[in-house]
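> This is coords-v2.cif (mmCIF, C-alpha atoms and all ligand atoms).
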```cif
data_my_file
#
loop_
_atom_site.label_atom_id
_atom_site.label_comp_id
_atom_site.auth_asym_id
_atom_site.auth_seq_id
_atom_site.Cartn_x
_atom_site.Cartn_y
_atom_site.Cartn_z
CA MET A 103 -43.49 95.38 76.91
CA LYS A 104 -39.80 95.92 77.50
CA ARG A 105 -38.24 99.34 77.54
CA ALA A 106 -34.71 100.63 77.99
CA PHE A 107 -33.75 103.40 80.39
CA LYS A 108 -30.33 104.96 80.02
CA TYR A 109 -28.43 106.76 82.77
CA ARG A 110 -24.96 108.16 83.14
CA ILE A 111 -22.82 106.41 85.77
CA TYR A 112 -19.70 107.73 87.46
CA PRO A 113 -17.22 104.95 88.26
CA THR A 114 -14.12 105.76 90.29
CA LYS A 115 -10.71 104.98 88.73
CA GLU A 116 -10.70 101.57 90.45
CA GLN A 117 -14.23 100.76 89.41
CA GLU A 118 -13.42 101.82 85.87
CA GLU A 119 -10.53 99.33 85.84
CA SER A 120 -12.85 96.53 86.95
CA LEU A 121 -15.46 97.37 84.29
CA LYS A 122 -12.79 97.65 81.60
CA LYS A 123 -11.39 94.23 82.53
CA GLN A 124 -14.85 92.68 82.41
CA ILE A 125 -15.53 94.18 79.00
CA GLU A 126 -12.13 93.14 77.66
CA GLU A 127 -12.61 89.54 78.81
CA ALA A 128 -16.11 89.52 77.36
CA ARG A 129 -14.55 90.65 74.06
CA ILE A 130 -11.96 87.87 74.14
CA LEU A 131 -14.71 85.39 74.89
CA TYR A 132 -16.81 86.82 72.06
CA ASN A 133 -14.02 86.32 69.55
CA LEU A 134 -13.25 82.77 70.75
CA LEU A 135 -16.90 81.82 70.66
CA LEU A 136 -17.24 83.32 67.21
CA GLU A 137 -14.20 81.38 66.01
CA ALA A 138 -15.68 78.12 67.30
CA SER A 139 -19.05 78.89 65.72
CA ILE A 140 -17.55 79.72 62.34
CA LYS A 141 -15.45 76.55 62.47
CA ALA A 142 -18.48 74.39 63.25
CA TYR A 143 -20.36 76.00 60.39
CA LYS A 144 -17.50 75.67 57.89
CA GLU A 145 -16.52 72.10 58.73
CA GLU A 146 -19.78 70.47 59.67
CA LYS A 147 -22.31 72.89 58.19
CA LYS A 148 -24.01 73.09 61.54
CA SER A 149 -24.55 75.93 63.94
CA ILE A 150 -24.04 75.84 67.67
CA LEU A 151 -27.29 76.96 69.24
CA GLY A 152 -28.95 77.96 72.50
CA TYR A 153 -27.99 75.70 75.36
CA ASP A 154 -24.85 74.33 73.65
CA LEU A 155 -23.57 77.80 72.87
CA ASN A 156 -24.21 78.82 76.45
CA GLU A 157 -22.30 75.83 77.80
CA LEU A 158 -19.45 76.45 75.38
CA ALA A 159 -19.20 80.06 76.58
CA LEU A 160 -18.88 78.92 80.18
CA LYS A 161 -16.37 76.23 79.20
CA ILE A 162 -14.13 78.69 77.34
CA ARG A 163 -14.40 81.15 80.23
CA LYS A 164 -13.09 78.47 82.56
CA GLU A 165 -10.39 77.09 80.24
CA LYS A 166 -8.97 80.51 79.40
CA SER A 167 -9.20 81.65 83.05
CA LEU A 168 -11.33 84.66 82.22
CA THR A 169 -11.80 85.40 85.89
CA HIS A 170 -13.12 88.94 85.73
CA VAL A 171 -16.13 88.54 83.51
CA SER A 172 -19.12 87.08 85.38
CA ALA A 173 -20.86 83.86 84.34
CA GLN A 174 -24.01 85.91 83.65
CA SER A 175 -22.19 88.26 81.30
CA ALA A 176 -20.45 85.29 79.66
CA GLN A 177 -23.85 83.80 78.88
CA ASP A 178 -24.94 87.08 77.41
CA VAL A 179 -21.91 86.93 75.10
CA ALA A 180 -23.43 83.67 73.79
CA VAL A 181 -26.69 85.55 73.15
CA ARG A 182 -24.78 88.18 71.16
CA ILE A 183 -23.08 85.53 69.03
CA SER A 184 -26.40 83.88 68.47
CA LYS A 185 -27.89 87.19 67.26
CA ALA A 186 -24.93 87.84 64.97
CA PHE A 187 -25.37 84.40 63.41
CA LYS A 188 -29.11 84.83 62.98
CA GLN A 189 -28.38 87.98 60.99
CA PHE A 190 -25.74 86.11 58.98
CA PHE A 191 -28.19 83.31 58.14
CA ARG A 192 -30.83 85.81 57.12
CA LYS A 193 -28.37 87.48 54.76
CA VAL A 194 -27.38 84.11 53.30
CA LYS A 195 -31.05 83.31 52.77
CA GLU A 196 -31.83 86.64 51.15
CA GLY A 197 -28.75 86.44 48.97
CA LYS A 198 -26.65 89.49 48.19
CA HIS A 199 -26.81 89.55 44.39
CA GLY A 200 -24.53 86.53 44.06
CA LYS A 201 -21.86 88.00 46.33
CA ALA A 202 -20.59 85.85 49.18
CA VAL A 203 -21.96 86.86 52.58
CA GLY A 204 -19.26 87.61 55.15
CA TYR A 205 -19.26 85.86 58.51
CA PRO A 206 -19.96 87.94 61.61
CA ARG A 207 -16.88 90.04 62.30
CA PHE A 208 -14.35 89.62 65.09
CA LYS A 209 -14.37 92.56 67.49
CA SER A 210 -11.36 94.79 67.90
CA PHE A 211 -10.72 96.65 71.16
CA ASN A 212 -12.56 99.79 70.07
CA ARG A 213 -15.53 97.86 68.73
CA TYR A 214 -16.53 96.09 71.90
CA ASP A 215 -17.73 98.44 74.57
CA SER A 216 -20.27 96.79 76.83
CA ILE A 217 -21.25 93.93 79.14
CA THR A 218 -24.74 92.77 80.00
CA PHE A 219 -26.17 91.25 83.16
CA PRO A 220 -29.35 89.52 82.00
CA GLN A 221 -30.90 88.95 85.43
CA TYR A 222 -31.80 91.37 88.19
CA ASN A 223 -30.21 90.62 91.56
CA ASN A 224 -27.70 88.43 89.79
CA GLY A 225 -24.70 90.68 89.25
CA PHE A 226 -26.48 93.99 89.68
CA ARG A 227 -28.99 95.79 91.87
CA LEU A 228 -30.35 99.29 92.19
CA LEU A 229 -29.63 100.18 95.83
CA ASP A 230 -30.81 103.69 96.28
CA ASP A 231 -31.81 106.67 94.22
CA ASP A 232 -28.27 107.23 93.16
CA LEU A 233 -26.46 103.95 93.75
CA LEU A 234 -26.05 100.94 91.52
CA SER A 235 -24.35 97.78 92.73
CA VAL A 236 -22.45 95.95 89.98
CA TYR A 237 -20.57 92.65 90.06
CA ASP A 238 -16.87 93.06 90.93
CA ALA A 239 -16.93 96.86 90.45
CA GLY A 240 -18.88 97.51 93.66
CA ILE A 241 -21.28 100.36 94.31
CA LEU A 242 -21.38 102.96 91.57
CA LYS A 243 -22.85 106.42 91.52
CA ILE A 244 -25.70 106.63 89.00
CA LYS A 245 -27.71 109.59 87.75
CA TYR A 246 -31.02 107.79 88.26
CA LEU A 247 -34.09 109.79 87.32
CA LYS A 248 -36.53 107.58 89.25
CA ASP A 249 -38.51 107.09 86.09
CA ILE A 250 -38.35 103.32 85.80
CA ALA A 251 -41.79 101.77 85.81
CA GLY A 252 -42.28 98.02 85.72
CA LYS A 253 -39.97 95.23 86.72
CA ILE A 254 -36.22 95.60 86.22
CA LYS A 255 -34.89 92.81 84.04
CA ALA A 256 -31.37 93.43 82.77
CA LEU A 257 -28.46 95.82 82.85
CA THR A 258 -25.92 96.75 80.22
CA ILE A 259 -22.87 98.75 81.23
CA LYS A 260 -21.47 100.66 78.31
CA LYS A 261 -18.43 102.82 77.76
CA GLU A 262 -19.04 105.28 74.96
CA PRO A 263 -16.21 106.50 72.75
CA THR A 264 -16.48 109.90 74.47
CA GLY A 265 -15.14 108.19 77.60
CA ASN A 266 -18.46 108.47 79.48
CA TRP A 267 -20.01 105.43 81.12
CA TYR A 268 -23.69 104.53 80.97
CA ALA A 269 -26.07 102.05 82.58
CA ILE A 270 -28.85 100.85 80.30
CA ILE A 271 -31.56 99.24 82.40
CA ILE A 272 -34.23 97.11 80.76
CA ALA A 273 -37.60 97.03 82.51
CA ASP A 274 -40.73 95.10 81.65
CA GLY A 275 -44.23 96.31 82.32
CA GLN A 276 -47.22 98.34 81.25
CA PHE A 277 -45.96 101.85 80.76
CA LYS A 278 -48.49 104.63 81.09
CA ASN A 279 -47.65 108.23 80.48
CA GLU A 280 -50.21 111.02 80.67
CA ASN A 281 -48.30 112.97 78.03
CA HIS A 282 -49.13 110.32 75.51
CA VAL A 283 -52.86 110.39 75.10
CA CYS A 284 -54.69 109.88 71.88
CA LYS A 285 -57.68 112.15 71.42
CA SER A 286 -58.67 111.15 67.93
CA ASP A 287 -60.12 108.37 65.83
CA LYS A 288 -58.17 109.29 62.72
CA VAL A 289 -56.13 106.81 60.73
CA VAL A 290 -53.02 107.85 58.83
CA GLY A 291 -50.37 106.36 56.55
CA MET A 292 -46.83 107.74 56.63
CA ASP A 293 -43.97 107.56 54.19
CA VAL A 294 -40.44 108.34 55.34
CA GLY A 295 -38.03 109.59 52.73
CA LEU A 296 -35.08 111.73 51.79
CA ALA A 297 -36.85 114.59 50.01
CA SER A 298 -39.34 115.31 52.76
CA PHE A 299 -38.77 113.51 56.02
CA ILE A 300 -42.39 112.43 56.34
CA ALA A 301 -45.33 112.54 53.97
CA THR A 302 -48.77 111.61 55.29
CA SER A 303 -51.77 110.20 53.49
CA TYR A 304 -53.53 113.52 54.25
CA GLY A 305 -50.98 115.26 52.06
CA GLU A 306 -48.95 116.88 54.84
CA LEU A 307 -45.21 117.11 54.23
CA ILE A 308 -42.80 117.39 57.14
CA GLU A 309 -39.40 118.59 56.04
CA ASN A 310 -36.08 117.36 57.33
CA PRO A 311 -35.08 119.85 60.02
CA LYS A 312 -32.07 122.01 59.17
CA ILE A 313 -30.17 120.77 62.22
CA LEU A 314 -30.00 117.31 60.71
CA LYS A 315 -28.59 118.67 57.46
CA ASN A 316 -25.99 120.72 59.33
CA SER A 317 -25.03 117.75 61.43
CA GLU A 318 -24.35 115.80 58.28
CA LYS A 319 -21.80 118.47 57.32
CA ILE A 320 -20.14 118.40 60.74
CA LEU A 321 -19.92 114.61 60.70
CA LYS A 322 -18.27 114.70 57.28
CA ILE A 323 -15.64 117.14 58.54
CA ARG A 324 -14.97 115.07 61.66
CA HIS A 325 -14.66 111.90 59.58
CA ARG A 326 -12.16 113.56 57.26
CA GLN A 327 -10.13 114.87 60.21
CA LEU A 328 -9.96 111.37 61.66
CA TYR A 329 -8.72 109.72 58.49
CA LYS A 330 -6.00 112.33 58.01
CA LYS A 331 -4.39 111.41 61.34
CA LYS A 332 -1.79 108.69 61.57
CA LYS A 333 -3.03 105.33 62.82
CA GLY A 334 -2.24 104.68 66.46
CA SER A 335 -1.27 108.28 67.11
CA LYS A 336 -2.50 110.37 70.04
CA ASN A 337 -4.06 112.85 67.66
CA ARG A 338 -5.99 110.11 65.95
CA ASN A 339 -7.44 109.08 69.26
CA LYS A 340 -8.41 112.68 69.95
CA ALA A 341 -10.06 112.89 66.55
CA ARG A 342 -11.90 109.66 67.26
CA ILE A 343 -13.32 111.12 70.47
CA ARG A 344 -14.35 114.31 68.67
CA LEU A 345 -16.16 112.26 66.03
CA ALA A 346 -17.92 110.26 68.74
CA LYS A 347 -18.98 113.47 70.47
CA ALA A 348 -20.33 114.82 67.20
CA TYR A 349 -22.34 111.63 66.69
CA ASN A 350 -23.73 111.95 70.22
CA LYS A 351 -24.80 115.51 69.60
CA VAL A 352 -26.48 114.59 66.34
CA LYS A 353 -28.26 111.73 68.06
CA LYS A 354 -29.57 113.98 70.82
CA GLN A 355 -30.78 116.62 68.34
CA ARG A 356 -32.49 113.96 66.28
CA GLU A 357 -34.19 112.51 69.36
CA THR A 358 -35.47 115.92 70.46
CA PHE A 359 -36.87 116.62 67.01
CA LEU A 360 -38.50 113.20 66.82
CA HIS A 361 -40.03 113.39 70.31
CA GLY A 362 -41.89 116.53 69.30
CA LEU A 363 -43.04 114.91 66.11
CA THR A 364 -44.12 111.56 67.57
CA ASN A 365 -45.95 113.22 70.51
CA LYS A 366 -48.03 115.15 67.99
CA MET A 367 -48.70 112.10 65.88
CA ILE A 368 -49.79 109.98 68.82
CA LYS A 369 -52.13 112.74 69.95
CA ASN A 370 -53.69 113.16 66.50
CA TYR A 371 -54.03 109.65 65.19
CA LYS A 372 -55.58 106.49 66.55
CA ILE A 373 -53.96 104.18 64.01
CA ILE A 374 -50.67 104.98 62.32
CA VAL A 375 -49.42 102.84 59.45
CA ILE A 376 -45.71 102.97 58.66
CA GLU A 377 -43.29 100.89 56.62
CA LYS A 378 -41.38 97.96 57.95
CA LEU A 379 -37.74 98.89 58.05
CA ASN A 380 -35.96 97.70 54.96
CA ILE A 381 -32.86 96.15 56.48
CA LYS A 382 -31.62 94.84 53.17
CA GLY A 383 -31.61 98.33 51.69
CA MET A 384 -30.05 99.69 54.84
CA THR A 385 -26.94 97.56 54.92
CA LYS A 386 -26.35 98.07 51.22
CA ASN A 387 -26.17 101.82 51.52
CA HIS A 388 -23.07 103.58 52.71
CA TYR A 389 -24.10 107.16 52.06
CA LEU A 390 -24.03 109.30 55.16
CA ALA A 391 -27.34 111.01 54.35
CA LYS A 392 -28.98 107.63 53.98
CA SER A 393 -27.49 106.26 57.18
CA ILE A 394 -28.70 109.30 59.11
CA LEU A 395 -32.14 108.77 57.61
CA ASP A 396 -32.13 105.11 58.60
CA ALA A 397 -31.15 106.01 62.15
CA SER A 398 -33.96 108.57 62.25
CA TRP A 399 -36.40 106.00 60.93
CA ASN A 400 -35.36 103.50 63.60
CA GLU A 401 -35.77 106.06 66.34
CA LEU A 402 -39.11 107.22 64.93
CA ALA A 403 -40.48 103.66 64.90
CA ARG A 404 -39.14 103.02 68.40
CA GLN A 405 -40.76 106.15 69.83
CA LEU A 406 -44.06 105.57 68.03
CA ASN A 407 -44.29 102.01 69.26
CA TYR A 408 -43.81 102.69 72.94
CA LYS A 409 -45.85 105.90 72.95
CA ALA A 410 -48.69 104.14 71.15
CA GLU A 411 -48.72 101.50 73.84
CA GLU A 412 -48.88 104.20 76.50
CA ALA A 413 -51.68 106.01 74.69
CA GLY A 414 -53.63 102.91 73.73
CA SER A 415 -53.33 103.52 70.01
CA VAL A 416 -52.06 101.25 67.26
CA ILE A 417 -48.96 101.24 65.06
CA LEU A 418 -49.08 98.97 62.04
CA GLN A 419 -46.03 98.18 59.97
CA VAL A 420 -46.42 97.04 56.38
CA ASP A 421 -44.14 95.75 53.65
CA PRO A 422 -42.95 98.83 51.72
CA ARG A 423 -42.65 96.97 48.41
CA ASN A 424 -44.26 98.82 45.50
CA THR A 425 -45.64 101.57 47.72
CA SER A 426 -43.78 104.17 45.65
CA LYS A 427 -44.48 102.67 42.26
CA ALA A 428 -48.18 101.88 42.57
CA CYS A 429 -50.93 104.41 41.95
CA SER A 430 -52.82 104.91 45.20
CA ASN A 431 -55.97 105.64 43.26
CA CYS A 432 -56.19 102.72 40.84
CA GLY A 433 -53.29 100.35 41.48
CA TRP A 434 -51.44 100.90 38.18
CA ILE A 435 -47.72 100.26 38.59
CA ASN A 436 -45.22 102.75 37.24
CA ASN A 437 -42.09 100.71 36.69
CA ASP A 438 -40.26 103.69 35.19
CA LEU A 439 -40.50 105.79 38.34
CA THR A 440 -37.09 107.10 39.39
CA LEU A 441 -35.93 108.93 42.52
CA ALA A 442 -35.83 112.15 40.49
CA ASP A 443 -39.59 112.03 39.82
CA ARG A 444 -41.15 114.16 42.52
CA THR A 445 -44.68 113.81 41.15
CA PHE A 446 -46.58 110.61 40.58
CA LYS A 447 -48.51 110.75 37.33
CA CYS A 448 -50.83 107.86 36.66
CA GLN A 449 -51.19 106.83 33.03
CA GLU A 450 -54.23 104.74 33.88
CA CYS A 451 -56.52 107.06 35.85
CA GLY A 452 -54.71 110.36 35.25
CA ILE A 453 -54.22 111.27 38.92
CA GLU A 454 -51.25 113.53 39.71
CA LEU A 455 -49.87 113.96 43.22
CA ASN A 456 -46.69 114.25 45.26
CA ARG A 457 -44.85 110.93 45.02
CA ASP A 458 -44.37 110.60 48.79
CA VAL A 459 -48.03 111.36 49.51
CA ASN A 460 -48.93 108.71 46.94
CA ALA A 461 -46.66 106.27 48.81
CA ALA A 462 -48.20 107.25 52.16
CA ARG A 463 -51.67 106.50 50.78
CA ASN A 464 -50.53 103.08 49.59
CA ILE A 465 -49.04 102.41 53.01
CA LEU A 466 -52.32 103.39 54.67
CA ARG A 467 -54.30 101.12 52.35
CA LEU A 468 -52.02 98.14 53.04
CA GLY A 469 -52.31 98.77 56.77
CA LEU A 470 -56.08 98.95 56.63
CA GLY A 471 -56.07 95.74 54.63
CA THR A 472 -54.32 93.88 57.44
CA LEU A 473 -56.63 95.46 60.03
CA GLY A 474 -59.73 94.52 58.08
CA ARG A 475 -58.61 90.92 57.98
CA ARG A 476 -57.68 90.95 61.63
CA GLY A 477 -61.06 92.53 62.46
CA THR A 478 -63.12 89.81 60.80
CA GLU A 479 -60.98 87.01 62.16
CA SER A 480 -61.32 88.24 65.70
CA ASN A 481 -65.06 88.78 65.22
CA ALA A 482 -65.43 85.20 64.14
CA CYS A 483 -63.97 83.85 67.34
CA GLY A 484 -65.93 86.34 69.40
CA ASP A 485 -62.85 88.08 70.74
CA GLU A 486 -62.96 91.44 69.09
CA ALA A 487 -59.80 93.52 68.91
CA THR A 488 -60.23 96.92 70.53
CA THR A 489 -58.29 100.08 71.16
CA MET A 490 -59.30 102.24 74.12
CA GLY A 491 -62.50 100.22 74.41
CA LYS A 492 -63.50 100.91 70.83
CA PRO A 493 -63.56 97.97 68.42
CA ILE A 494 -60.85 98.30 65.77
CA ALA A 495 -63.28 97.13 63.09
CA SER A 496 -65.53 100.16 63.67
CA ILE A 497 -62.59 102.55 63.49
CA VAL A 498 -61.63 100.99 60.18
CA THR A 499 -65.18 101.40 58.85
CA GLU A 500 -65.08 105.05 59.85
CA ALA A 501 -61.75 105.47 58.11
CA GLY A 502 -63.17 103.79 55.03
CA LYS A 503 -66.06 106.27 54.98
CA SER A 504 -63.92 109.34 55.35
CA GLY A 505 -61.48 108.12 52.75
CA SER A 506 -63.82 106.66 50.17
CA ASP A 507 -61.37 107.56 47.40
CA LEU A 508 -58.96 105.00 48.78
CA TYR A 509 -58.26 102.10 46.55
CA PHE A 510 -58.84 98.79 48.33
CA ARG A 511 -57.10 96.02 46.52
CA ASN A 512 -54.33 93.80 47.70
CA TYR A 513 -51.50 93.30 45.28
ZN ZN A 601 -54.13 105.55 38.81
#
```
Mind converting the file's structure to structure tokens?

Amino acid sequence: MKRAFKYRIYPTKEQEESLKKQIEEARILYNLLLEASIKAYKEEKKSILGYDLNELALKIRKEKSLTHVSAQSAQDVAVRISKAFKQFFRKVKEGKHGKAVGYPRFKSFNRYDSITFPQYNNGFRLLDDDLLSVYDAGILKIKYLKDIAGKIKALTIKKEPTGNWYAIIIADGQFKNENHVCKSDKVVGMDVGLASFIATSYGELIENPKILKNSEKILKIRHRQLYKKKKGSKNRNKARIRLAKAYNKVKKQRETFLHGLTNKMIKNYKIIVIEKLNIKGMTKNHYLAKSILDASWNELARQLNYKAEEAGSVILQVDPRNTSKACSNCGWINNDLTLADRTFKCQECGIELNRDVNAARNILRLGLGTLGRRGTESNACGDEATTMGKPIASIVTEAGKSGSDLYFRNY
């Protein structure tokens, strides 16, 4: 499994100039490559893919004499374009309620802040505990915490809007961490929402911490301050940095809160079922509260996934469709349910419970459904799925016993 490790780096003025030039040329290349891709799509209804895109990136780099950016980083620019187009095609496929889907956007100076070296020893190398060798820039001081396990794969150098530089190192391997140990056989479903941050199928509600609510206020103020300043002015730039710093602080607070939460979850549950992130709903929503929630959700899923791997437990992600509207006891669907309804009242079986707990129970049931199927399939071919040496199928049976009130039907 791949994992990212992020460290602060301290380039000298000269090194900073080199990195800035590399990033700027990568940005120019990005925009040229994007232009060519859009043109090919518009005129010939075809997309430039993989090898061709790679070759085109190198060709443009040569033609436009982009001499600072390395060939490796140029190829990574092609990867970025390819990702942007994949997202574009997905949006086209999903359809946006009849509205035309915009092409991937060109990147302005402030919106392009990093370069990637996709291969170790090819443009970068970790020399010592506190030294990182980077193409053209030379040997940089890095605040390396010696915590990388596994094989180093790639490096991204990033300049954050605060003005600080970071090295994000991707490593691949089996990550073990004694802090992440699962001591339980319990199975849980979790719903993430606005009213309570998390509701579990056991009926626990974990509230949004106050810090996150306060940070929303601070971000609003910083946003307003930024938009009051004249474009291109020094004060606007200052306001931009202050906003970026506020975002950083919020991100750190959120991460600390989530680490505590996910550590506990991994310790207490063998199988955790959560929703698949609803990207469609995410991009549609511009409310700050919602965007903070989405970011929290992303981070929660990220932490759960890598910690589960370290602890030998299982995270299952299920389609969230209908998990709010369906009765977790009998399957009746309440199409009239609105966001204002905090209680789920079933007109079929009469059950009444917190709406998010109801959703969490549906999520759990869907997760167990996929596990059950997986269990029998793997039994059939004699290769039984296990977690920590215990067959998954038996854990599911245990969960079924303890939660006999669960409604097992796929809809
Ligand atoms: Zn019901």
> Sort by chain and increasing residue number a table of all residues of chain A within 9 Å of ligand ZN 601 (chain A), each with its closest pair of atoms and their distance in Å to one decimal, counting only C-alpha atoms and all ligand atoms, and write it as CSV.

```
residue,atom,partner,partner_atom,distance
A:Ala428,CA,A:ZN601,ZN,7.9
A:Cys429,CA,A:ZN601,ZN,4.6
A:Ser430,CA,A:ZN601,ZN,6.6
A:Asn431,CA,A:ZN601,ZN,4.8
A:Cys432,CA,A:ZN601,ZN,4.0
A:Gly433,CA,A:ZN601,ZN,5.9
A:Trp434,CA,A:ZN601,ZN,5.4
A:Ile435,CA,A:ZN601,ZN,8.3
A:Lys447,CA,A:ZN601,ZN,7.8
A:Cys448,CA,A:ZN601,ZN,4.6
A:Gln449,CA,A:ZN601,ZN,6.6
A:Glu450,CA,A:ZN601,ZN,5.0
A:Cys451,CA,A:ZN601,ZN,4.1
A:Gly452,CA,A:ZN601,ZN,6.0
A:Ile453,CA,A:ZN601,ZN,5.7
A:Glu454,CA,A:ZN601,ZN,8.5
```
> I need the chosen residues saved as an mmCIF file, in the frame of the given file, with C-alpha atoms.

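Output (selection_1.cif):
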```
data_model
loop_
_atom_site.group_PDB
_atom_site.id
_atom_site.type_symbol
_atom_site.label_atom_id
_atom_site.label_comp_id
_atom_site.auth_asym_id
_atom_site.auth_seq_id
_atom_site.Cartn_x
_atom_site.Cartn_y
_atom_site.Cartn_z
ATOM 1 C CA ALA A 428 -48.180 101.880 42.570
ATOM 2 C CA CYS A 429 -50.930 104.410 41.950
ATOM 3 C CA SER A 430 -52.820 104.910 45.200
ATOM 4 C CA ASN A 431 -55.970 105.640 43.260
ATOM 5 C CA CYS A 432 -56.190 102.720 40.840
ATOM 6 C CA GLY A 433 -53.290 100.350 41.480
ATOM 7 C CA TRP A 434 -51.440 100.900 38.180
ATOM 8 C CA ILE A 435 -47.720 100.260 38.590
ATOM 9 C CA LYS A 447 -48.510 110.750 37.330
ATOM 10 C CA CYS A 448 -50.830 107.860 36.660
ATOM 11 C CA GLN A 449 -51.190 106.830 33.030
ATOM 12 C CA GLU A 450 -54.230 104.740 33.880
ATOM 13 C CA CYS A 451 -56.520 107.060 35.850
ATOM 14 C CA GLY A 452 -54.710 110.360 35.250
ATOM 15 C CA ILE A 453 -54.220 111.270 38.920
ATOM 16 C CA GLU A 454 -51.250 113.530 39.710
#
```
> Considering only C-alpha atoms, state which residue in the set A:Met292, A:Ile150, A:Leu131, A:Ile308 is at the smallest distance from A:Ser175.
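Under the stated criterion, the closest residue is A:Leu131.
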> With distances taken over only C-alpha atoms, which of A:Lys185, A:Arg423, A:Lys366, A:Lys123 is nearest to A:Lys409?
A:Lys366
> Could you name the residues that touch A:Leu257 at 8 Å or less, counting only C-alpha atoms, but leaving out those on the same chain fewer than 3 positions away, as number ranges by chain?
A: 218-222, 226, 269-272
> What separation in Å, quoted to one decimal, exists between atom CA of A:Leu363 and atom CA of A:Val290?
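Taking atom CA of A:Leu363 and atom CA of A:Val290, their separation equals 14.2 Å.
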> Considering all atoms listed in the file, return as a PyMOL selection string whatever protein or nucleic-acid residues lie within 9 Å of A:Asp421, sequence-local ones (same chain, fewer than 5 positions apart) excluded.
chain A and resi 376-380+465+468
> Find the distance between atom CA of A:Phe211 and atom CA of A:Asp154 and write it in Å to one decimal.
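Taking atom CA of A:Phe211 and atom CA of A:Asp154, their separation equals 26.5 Å.
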> Have a look at A:Leu441, A:Val194, A:Val352, A:Met367 and name the one nearest to A:Gln405; count all atoms listed in the file.
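Among the listed residues, A:Met367 lies closest to A:Gln405.
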> Using all atoms listed in the file for the distances, tell me which of A:Thr472, A:Asn460, A:Asn223, A:Asn212 is nearest to A:Lys427.
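Residue with the minimum atom-to-atom distance to A:Lys427: A:Asn460.
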> Using only C-alpha atoms, pick whichever of A:Gly252, A:Gly197, A:Gly414, A:Gly295 has the shortest atom-to-atom distance to A:Gly275.
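Distance minimum relative to A:Gly275 lands on A:Gly252.
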> Return the single residue from A:Leu134, A:Ile250, A:Ala403, A:Ala273 that is closest to A:Ala180, with distances computed using only C-alpha atoms.
A:Leu134
> Do a neighbour search on stretch 165-172 of chain A at 8 Å with only C-alpha atoms, toss out local chain neighbours closer than 3 positions, and write the hits as a PyMOL selection string.
chain A and resi 120+123-125+127-128+161-162+175-176+225+237-238
> Take the residues that were just selected and, keeping C-alpha atoms, output them as a PDB file, in the frame of the given file.

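Contents of result09.pdb, freshly written:
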```
ATOM      1  CA  SER A 120     -12.850  96.530  86.950  1.00  0.00           C
ATOM      2  CA  LYS A 123     -11.390  94.230  82.530  1.00  0.00           C
ATOM      3  CA  GLN A 124     -14.850  92.680  82.410  1.00  0.00           C
ATOM      4  CA  ILE A 125     -15.530  94.180  79.000  1.00  0.00           C
ATOM      5  CA  GLU A 127     -12.610  89.540  78.810  1.00  0.00           C
ATOM      6  CA  ALA A 128     -16.110  89.520  77.360  1.00  0.00           C
ATOM      7  CA  LYS A 161     -16.370  76.230  79.200  1.00  0.00           C
ATOM      8  CA  ILE A 162     -14.130  78.690  77.340  1.00  0.00           C
ATOM      9  CA  SER A 175     -22.190  88.260  81.300  1.00  0.00           C
ATOM     10  CA  ALA A 176     -20.450  85.290  79.660  1.00  0.00           C
ATOM     11  CA  GLY A 225     -24.700  90.680  89.250  1.00  0.00           C
ATOM     12  CA  TYR A 237     -20.570  92.650  90.060  1.00  0.00           C
ATOM     13  CA  ASP A 238     -16.870  93.060  90.930  1.00  0.00           C
TER      14      ASP A 238
END
```
> Calculate how many Å separate atom CA of A:Thr264 from atom CA of A:Phe359, rounding to one decimal.
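So the answer is 22.7 Å.
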> Box for stretch 239-246 of chain A: with edges along x, y and z, all listed atoms inside and 4 Å added on each side, what are the centre and edge lengths in Å to one decimal, as JSON?

```
{"center_x": -24.0, "center_y": 103.2, "center_z": 91.0, "size_x": 22.1, "size_y": 20.7, "size_z": 14.6}
```
> Show me the residues close to (-38.0, 105.6, 88.6) - anything with an atom within 12 Å, counting all atoms listed in the file - and format the list as an NGL selection string.
:A and (107-109 or 228 or 230-232 or 245-254 or 271 or 273 or 277)
> Only C-alpha atoms, please: the residues just picked out, written as a PDB file, keeping the file's coordinate frame.

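Saved file out05.pdb follows:
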```pdb
ATOM      1  CA  PHE A 107     -33.750 103.400  80.390  1.00  0.00           C
ATOM      2  CA  LYS A 108     -30.330 104.960  80.020  1.00  0.00           C
ATOM      3  CA  TYR A 109     -28.430 106.760  82.770  1.00  0.00           C
ATOM      4  CA  LEU A 228     -30.350  99.290  92.190  1.00  0.00           C
ATOM      5  CA  ASP A 230     -30.810 103.690  96.280  1.00  0.00           C
ATOM      6  CA  ASP A 231     -31.810 106.670  94.220  1.00  0.00           C
ATOM      7  CA  ASP A 232     -28.270 107.230  93.160  1.00  0.00           C
ATOM      8  CA  LYS A 245     -27.710 109.590  87.750  1.00  0.00           C
ATOM      9  CA  TYR A 246     -31.020 107.790  88.260  1.00  0.00           C
ATOM     10  CA  LEU A 247     -34.090 109.790  87.320  1.00  0.00           C
ATOM     11  CA  LYS A 248     -36.530 107.580  89.250  1.00  0.00           C
ATOM     12  CA  ASP A 249     -38.510 107.090  86.090  1.00  0.00           C
ATOM     13  CA  ILE A 250     -38.350 103.320  85.800  1.00  0.00           C
ATOM     14  CA  ALA A 251     -41.790 101.770  85.810  1.00  0.00           C
ATOM     15  CA  GLY A 252     -42.280  98.020  85.720  1.00  0.00           C
ATOM     16  CA  LYS A 253     -39.970  95.230  86.720  1.00  0.00           C
ATOM     17  CA  ILE A 254     -36.220  95.600  86.220  1.00  0.00           C
ATOM     18  CA  ILE A 271     -31.560  99.240  82.400  1.00  0.00           C
ATOM     19  CA  ALA A 273     -37.600  97.030  82.510  1.00  0.00           C
ATOM     20  CA  PHE A 277     -45.960 101.850  80.760  1.00  0.00           C
TER      21      PHE A 277
END
```
